[in-house]
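Engineer: After the structure tokens below, expect a handful of questions from me.
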Amino acid sequence: MKQLILGLAATLMMTTAPIESNAEPTATGDLGLVIERASGSVLLVDQSERAALARIEGLGDLSHASLVYSPDQRFAYVFGRDGGLTKVDIVTRQIVNRVVQAGNAIGGAISDDGQLVAVSNYEPGGVRVFDADTLKMVADIPTGSKTIGLVDAPGRRFVFTMWDTGETWIADFTDSTPQITKIPDMGKNPYDALITANGRTYITGLFGEDGLTALDLWSDTPEPIRVLPDYGRGQQEMPVYKMPHLEGWALTGREFVLPAVGHPQVLWIDADSLSETGRTQTHGQPVFAMARPDGRQVWVNFAHPLNDTIQVIDSVSKEIIHEFKPGPAVLHMEFTPRGHEVWISVRDAGKVMIYDTQTFEKLREIEADSPSGIFFTARAHRTGL
């Protein structure tokens, strides 16, 4: 028996690929990607080193781009404006696959099990779903409309909304053939949406009428719930310089903080009752209102022509406690997972700037080519991101 065991062990050693004892291990939890919108490239960055590691090129039109990560944090799926879906290996620092799946795309999501990647399209509309490993298309869901607000939901589901028809669809991929649930009357011209971290509440912002609309995804038959029906752009026609991004909403304890459409305000909403609890006047029209991970601060940036400024709001007092000007065209912010730092893309300065969130001291600048979105790999483990 001993000889048999030794023989099996020897066979296993011969058939198993050897591991180089001097191979440098690669950890991805500290990494992230920065979209370089003008050059079709992404910049690989290291949080702890506050440094750029590599530039990966050839990703097409990234003028409006976002990405999601695989559960193991190794692969990024980048959604480009040109309909490109690009799979990037951040360990080998190269593109491993790329398909141009539509004429005009507007973001995407990855299923909770990491096996499916969905892309939301303006042209030809609808949602297309791909195998995360091969990027082979597994489902084409035409909607007859531009689709917005595509998010992942628990249970291998994707939720998305139609700009033209005001419907929200839930696509359930539990089985090989997706089951579609259609929810009408979400409102006129929904422009973006979010899902809460627990996967329960899906909220769409409305451009064509006042207010917002929510869905309780824990309900067996979700019905539209009107939120702030007397507030919005429709109440008083206001010029909108840039649509706010709802995935940049903040949840601070028991309240949502959201950017107002066309108004220099952020709104505070009770997360349970969805009723208004306050307003904070801001420097300009907010684009992102993002909570530090502990929820104590909300960082806000603004639309053109006031997009050189950031304001920090205390979530207890709802008052602005700090204001500064990183530079021209502040586009995006990303907190480190525990919130001790924030990384800010300043497009027209060609820099990513890093700040301490307690002292507001600038810690470092990283050169980047027209930087926009910043995405750390911690997003791999958060619903809706």
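Ordered as shown in the structure tokens, chains take letters A, B, and onward, while each chain numbers its residues from 1 and ligands are numbered from 1 in the order shown.
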Would you pick out the contacts of Arg347 in chain A at 6 Å or less, using only C-alpha atoms, so that residues sharing its chain but fewer than 5 positions from it are not included, and give the list as a PDB file with N, CA and C atoms, in the first residue's frame?
Structural biologist:
ATOM      1  N   ALA A 329     -12.716  70.451 -14.954  1.00  0.00           N
ATOM      2  CA  ALA A 329     -13.440  69.250 -15.397  1.00  0.00           C
ATOM      3  C   ALA A 329     -13.212  68.051 -14.474  1.00  0.00           C
ATOM      4  N   SER A 370      -6.754  62.394 -20.251  1.00  0.00           N
ATOM      5  CA  SER A 370      -8.192  62.701 -20.169  1.00  0.00           C
ATOM      6  C   SER A 370      -8.930  61.681 -19.305  1.00  0.00           C
ATOM      7  N   PRO A 371      -8.591  61.578 -18.026  1.00  0.00           N
ATOM      8  CA  PRO A 371      -9.211  60.545 -17.187  1.00  0.00           C
ATOM      9  C   PRO A 371     -10.669  60.841 -16.900  1.00  0.00           C
TER      10      PRO A 371
END
Engineer: So that I can check the surroundings of range 29-39 of chain A, please list as a list in words every protein, DNA and RNA residue that reaches within 6 Å of it, counting only C-alpha atoms and ignoring chain neighbours fewer than 6 positions away.
Structural biologist: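 So, after excluding close chain neighbours, the residues are Val45, Asp46, Gln47, Leu62, Ser63, Asp369, Ser370, Pro371, Ser372, Gly373, Ile374, Phe375, Phe376 and Thr377 of chain A.
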Engineer: List as a list in words the protein and nucleic acid residues near range 170-186 of chain A, meaning an atom at most 7 Å away when only C-alpha atoms are counted, but skip any in the same chain fewer than 2 places from it.
Structural biologist: Gly155, Arg156, Arg157, Phe158, Val159, Phe160, Gly166, Glu167, Thr168, Thr213 and Pro224 of chain A
Engineer: Generate the output file for the selected residues, N, CA and C atoms, as an mmCIF file, in the first residue's frame.
Structural biologist:
data_model
loop_
_atom_site.group_PDB
_atom_site.id
_atom_site.type_symbol
_atom_site.label_atom_id
_atom_site.label_comp_id
_atom_site.auth_asym_id
_atom_site.auth_seq_id
_atom_site.Cartn_x
_atom_site.Cartn_y
_atom_site.Cartn_z
ATOM 1 N N GLY A 155 -30.041 36.578 -7.594
ATOM 2 C CA GLY A 155 -30.794 35.527 -8.247
ATOM 3 C C GLY A 155 -30.602 35.478 -9.747
ATOM 4 N N ARG A 156 -29.401 35.873 -10.207
ATOM 5 C CA ARG A 156 -29.060 35.817 -11.643
ATOM 6 C C ARG A 156 -30.053 36.630 -12.478
ATOM 7 N N ARG A 157 -30.367 37.832 -11.995
ATOM 8 C CA ARG A 157 -31.310 38.691 -12.694
ATOM 9 C C ARG A 157 -30.642 39.994 -13.120
ATOM 10 N N PHE A 158 -31.161 40.570 -14.186
ATOM 11 C CA PHE A 158 -30.797 41.914 -14.615
ATOM 12 C C PHE A 158 -32.070 42.760 -14.673
ATOM 13 N N VAL A 159 -31.944 44.014 -14.258
ATOM 14 C CA VAL A 159 -33.071 44.950 -14.270
ATOM 15 C C VAL A 159 -32.673 46.144 -15.114
ATOM 16 N N PHE A 160 -33.580 46.591 -16.002
ATOM 17 C CA PHE A 160 -33.275 47.719 -16.869
ATOM 18 C C PHE A 160 -34.568 48.414 -17.267
ATOM 19 N N GLY A 166 -40.980 54.003 -20.945
ATOM 20 C CA GLY A 166 -41.219 54.138 -19.520
ATOM 21 C C GLY A 166 -41.534 52.824 -18.823
ATOM 22 N N GLU A 167 -41.007 51.718 -19.342
ATOM 23 C CA GLU A 167 -41.180 50.413 -18.708
ATOM 24 C C GLU A 167 -39.871 49.981 -18.051
ATOM 25 N N THR A 168 -39.993 49.173 -17.018
ATOM 26 C CA THR A 168 -38.841 48.470 -16.451
ATOM 27 C C THR A 168 -39.040 46.979 -16.668
ATOM 28 N N THR A 213 -39.221 57.107 -9.531
ATOM 29 C CA THR A 213 -40.065 55.922 -9.360
ATOM 30 C C THR A 213 -39.224 54.792 -8.795
ATOM 31 N N PRO A 224 -44.871 50.133 -9.444
ATOM 32 C CA PRO A 224 -44.202 51.434 -9.350
ATOM 33 C C PRO A 224 -44.631 52.208 -8.101
#
Engineer: Looking at A:Gly144, A:Gly295, A:Glu341, A:Ala109, which one is nearest to Thr359 in chain A, with distances taken over only C-alpha atoms?
Structural biologist: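 Residue with the minimum atom-to-atom distance to Thr359 in chain A: A:Glu341.
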Engineer: From the list A:Ser315, A:Ser120, A:Ser145, A:Asn198, which residue is nearest Thr252 in chain A when using only C-alpha atoms?
Structural biologist: A:Ser315
Engineer: Given only C-alpha atoms as the basis, pick out the residue of A:Asp131, A:Glu323, A:Glu49, A:Glu24 nearest to Glu365 in chain A.
Structural biologist: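 Residue with the minimum atom-to-atom distance to Glu365 in chain A: A:Glu49.
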